[in-house]
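Beneath this line is the structure, given in structure tokens, with notes to follow.
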Amino acid sequence: MNAHSSALRRGRYSQPGGIYLITTVTDGRACIFADFKLARLAINELRTCDARGRCETLAFVLMPNHLHWLVTLSQGSLPSLVGHFKANAARVVNRHLNTPGTALWQSGFHDHALRRDEDLRSAARYLVNNPVRAELVGKLGDYPHWDAVWV
């Protein structure tokens, strides 16, 4: 973790029921998720976090080299949730590539706690429109690696 990202963590508090916008980046900003199969493996791990009761995913978009994830924390801490997701996604991707132990993600992550008065629908729309703003696709429906409870 670089000094800046370490400083971002000091004083942060996460609590169950809180809504967070999480961003995490691949190691070296490698475009690993440009590969459709690898992207789907990582997305399955997001869904596993939901299925195990750790969180409720409100929206996500998996870009070629990073993830934006809007989530309600159900149990535990935010670092525990993100660490669990990143470790499991790395394990399944590395198993598929036959590259055990290879770093998939940069250490750390960025988070923003949303206040109850913030417009969640607007936050979700902004998040999932990343592929359009990055000019990966002309319209959101053409990008395969996103989902939202509502948009």
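In the structure tokens, each chain is lettered A, B, ... as it comes, each chain's residues begin at 1, and ligands are numbered from 1 in order of appearance.
For range 57-71 of chain A, the non-local neighbours within 7 Å, defined as residues at least 2 positions apart in the same chain or in other chains and counting only C-alpha atoms, are Ile19, Tyr20, Leu21, Ile22, Thr23, Thr24, Val25, Thr26, Arg29, Ala30, Cys31, Ile32, Phe33, Ala34, Asp50, Cys55, Leu73, Ala124, Leu127, Val128, His145, Trp146, Asp147, Ala148 and Val149 of chain A.
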Query - Within 12 Å of Gly83 in chain A using only C-alpha atoms, minus same-chain residues under 5 positions, as a PyMOL selection string - result: chain A and resi 22+24+45-46+49+54+76-78+88-90+105-109
I'd like the neighbourhood of Pro131 in chain A as an mmCIF file with N, CA, C and O atoms, in the first residue's frame, where a residue qualifies if any of its atoms comes within 9 Å (using only C-alpha atoms), though same-chain residues fewer than 5 positions away should be ignored.
```cif
data_model
loop_
_atom_site.group_PDB
_atom_site.id
_atom_site.type_symbol
_atom_site.label_atom_id
_atom_site.label_comp_id
_atom_site.auth_asym_id
_atom_site.auth_seq_id
_atom_site.Cartn_x
_atom_site.Cartn_y
_atom_site.Cartn_z
ATOM 1 N N VAL A 61 -19.814 -2.043 -11.678
ATOM 2 C CA VAL A 61 -19.305 -2.133 -13.041
ATOM 3 C C VAL A 61 -17.857 -2.600 -12.926
ATOM 4 O O VAL A 61 -17.065 -2.033 -12.173
ATOM 5 N N MET A 63 -14.655 -2.789 -14.843
ATOM 6 C CA MET A 63 -13.950 -2.228 -15.988
ATOM 7 C C MET A 63 -12.741 -3.124 -16.284
ATOM 8 O O MET A 63 -12.405 -3.991 -15.488
ATOM 9 N N LEU A 136 -15.618 2.902 -24.033
ATOM 10 C CA LEU A 136 -15.483 1.479 -24.339
ATOM 11 C C LEU A 136 -16.671 0.994 -25.161
ATOM 12 O O LEU A 136 -16.551 0.040 -25.928
ATOM 13 N N VAL A 137 -17.820 1.660 -24.957
ATOM 14 C CA VAL A 137 -19.045 1.346 -25.688
ATOM 15 C C VAL A 137 -19.795 2.647 -25.954
ATOM 16 O O VAL A 137 -19.561 3.651 -25.284
ATOM 17 N N GLY A 138 -20.718 2.594 -26.911
ATOM 18 C CA GLY A 138 -21.524 3.761 -27.220
ATOM 19 C C GLY A 138 -22.706 3.930 -26.283
ATOM 20 O O GLY A 138 -23.148 5.039 -26.015
ATOM 21 N N LYS A 139 -23.232 2.802 -25.791
ATOM 22 C CA LYS A 139 -24.352 2.854 -24.847
ATOM 23 C C LYS A 139 -24.176 1.739 -23.823
ATOM 24 O O LYS A 139 -23.578 0.693 -24.104
ATOM 25 N N LEU A 140 -24.688 1.974 -22.632
ATOM 26 C CA LEU A 140 -24.471 1.082 -21.508
ATOM 27 C C LEU A 140 -24.891 -0.351 -21.808
ATOM 28 O O LEU A 140 -24.202 -1.295 -21.430
ATOM 29 N N TYR A 143 -22.297 -2.936 -22.856
ATOM 30 C CA TYR A 143 -21.206 -3.362 -21.975
ATOM 31 C C TYR A 143 -21.706 -4.517 -21.104
ATOM 32 O O TYR A 143 -22.730 -4.387 -20.434
#
```
Requested in this report: Report the distance between CA of Ser80 in chain A and CA of Asn94 in chain A in Å, rounded to one decimal place.
Outcome: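 Between CA of Ser80 in chain A and CA of Asn94 in chain A the gap is 20.8 Å.
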Query - Residues flagged alpha helix (DSSP H) by DSSP in range 4-118 of chain A, as JSON, numbers by chain - result: {"A": [4, 5, 6, 7, 8, 9, 36, 37, 38, 39, 40, 41, 42, 43, 44, 45, 46, 47, 48, 49, 50, 51, 78, 79, 80, 81, 82, 83, 84, 85, 86, 87, 88, 89, 90, 91, 92, 93, 94, 95, 96, 97]}
Save the residues we just selected, C-alpha atoms, as a PDB file, in the first residue's frame?
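File produced: again35.pdb:
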```pdb
ATOM      1  CA  HIS A   4      -1.233   8.016   0.423  1.00  0.00           C
ATOM      2  CA  SER A   5      -3.661   5.099   0.448  1.00  0.00           C
ATOM      3  CA  SER A   6      -2.516   4.173   3.963  1.00  0.00           C
ATOM      4  CA  ALA A   7      -3.329   7.694   5.129  1.00  0.00           C
ATOM      5  CA  LEU A   8      -6.792   7.409   3.599  1.00  0.00           C
ATOM      6  CA  ARG A   9      -7.573   4.451   5.873  1.00  0.00           C
ATOM      7  CA  PHE A  36     -14.767 -11.948 -20.792  1.00  0.00           C
ATOM      8  CA  LYS A  37     -14.298 -15.228 -18.887  1.00  0.00           C
ATOM      9  CA  LEU A  38     -12.027 -13.641 -16.261  1.00  0.00           C
ATOM     10  CA  ALA A  39     -14.501 -10.799 -15.776  1.00  0.00           C
ATOM     11  CA  ARG A  40     -17.334 -13.265 -15.219  1.00  0.00           C
ATOM     12  CA  LEU A  41     -15.250 -15.207 -12.678  1.00  0.00           C
ATOM     13  CA  ALA A  42     -14.701 -11.996 -10.681  1.00  0.00           C
ATOM     14  CA  ILE A  43     -18.371 -11.032 -10.933  1.00  0.00           C
ATOM     15  CA  ASN A  44     -19.337 -14.450  -9.587  1.00  0.00           C
ATOM     16  CA  GLU A  45     -17.257 -13.642  -6.500  1.00  0.00           C
ATOM     17  CA  LEU A  46     -19.211 -10.386  -6.018  1.00  0.00           C
ATOM     18  CA  ARG A  47     -22.406 -12.409  -6.115  1.00  0.00           C
ATOM     19  CA  THR A  48     -20.944 -14.888  -3.622  1.00  0.00           C
ATOM     20  CA  CYS A  49     -20.386 -12.023  -1.161  1.00  0.00           C
ATOM     21  CA  ASP A  50     -24.107 -11.252  -1.445  1.00  0.00           C
ATOM     22  CA  ALA A  51     -25.136 -14.913  -1.192  1.00  0.00           C
ATOM     23  CA  LEU A  78     -15.566  -2.901   4.852  1.00  0.00           C
ATOM     24  CA  PRO A  79     -11.867  -3.941   4.763  1.00  0.00           C
ATOM     25  CA  SER A  80     -12.925  -7.505   5.582  1.00  0.00           C
ATOM     26  CA  LEU A  81     -15.550  -7.536   2.797  1.00  0.00           C
ATOM     27  CA  VAL A  82     -13.228  -6.078   0.178  1.00  0.00           C
ATOM     28  CA  GLY A  83     -10.347  -8.297   1.286  1.00  0.00           C
ATOM     29  CA  HIS A  84     -12.547 -11.383   1.078  1.00  0.00           C
ATOM     30  CA  PHE A  85     -13.764 -10.461  -2.406  1.00  0.00           C
ATOM     31  CA  LYS A  86     -10.283  -9.624  -3.712  1.00  0.00           C
ATOM     32  CA  ALA A  87      -8.697 -12.798  -2.290  1.00  0.00           C
ATOM     33  CA  ASN A  88     -11.401 -15.052  -3.717  1.00  0.00           C
ATOM     34  CA  ALA A  89     -11.465 -13.325  -7.102  1.00  0.00           C
ATOM     35  CA  ALA A  90      -7.671 -13.634  -7.315  1.00  0.00           C
ATOM     36  CA  ARG A  91      -7.849 -17.312  -6.389  1.00  0.00           C
ATOM     37  CA  VAL A  92     -10.406 -18.213  -9.085  1.00  0.00           C
ATOM     38  CA  VAL A  93      -8.743 -16.067 -11.768  1.00  0.00           C
ATOM     39  CA  ASN A  94      -5.316 -17.488 -10.971  1.00  0.00           C
ATOM     40  CA  ARG A  95      -6.723 -21.027 -10.976  1.00  0.00           C
ATOM     41  CA  HIS A  96      -8.207 -20.403 -14.429  1.00  0.00           C
ATOM     42  CA  LEU A  97      -4.909 -18.932 -15.719  1.00  0.00           C
TER      43      LEU A  97
END
```
Query raised in the report: For the atom pair CA of Gly141 in chain A and CA of Gly18 in chain A, what is the interatomic distance in Å to one decimal place?
Result: 28.9 Å
**Report entry** Residue list (strand (DSSP E), DSSP) for chain A, as an MDAnalysis selection string
**Finding:** chainID A and resid 19:25 55:62 66:73 110:114 146:148
Query raised in the report: Smallest atom-to-atom distance to Gly53 in chain A: which of A:Ser14, A:Thr99, A:Thr72, A:Ser122, using only C-alpha atoms?
Result: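 Of all the options, A:Thr72 lies closest to Gly53 in chain A.
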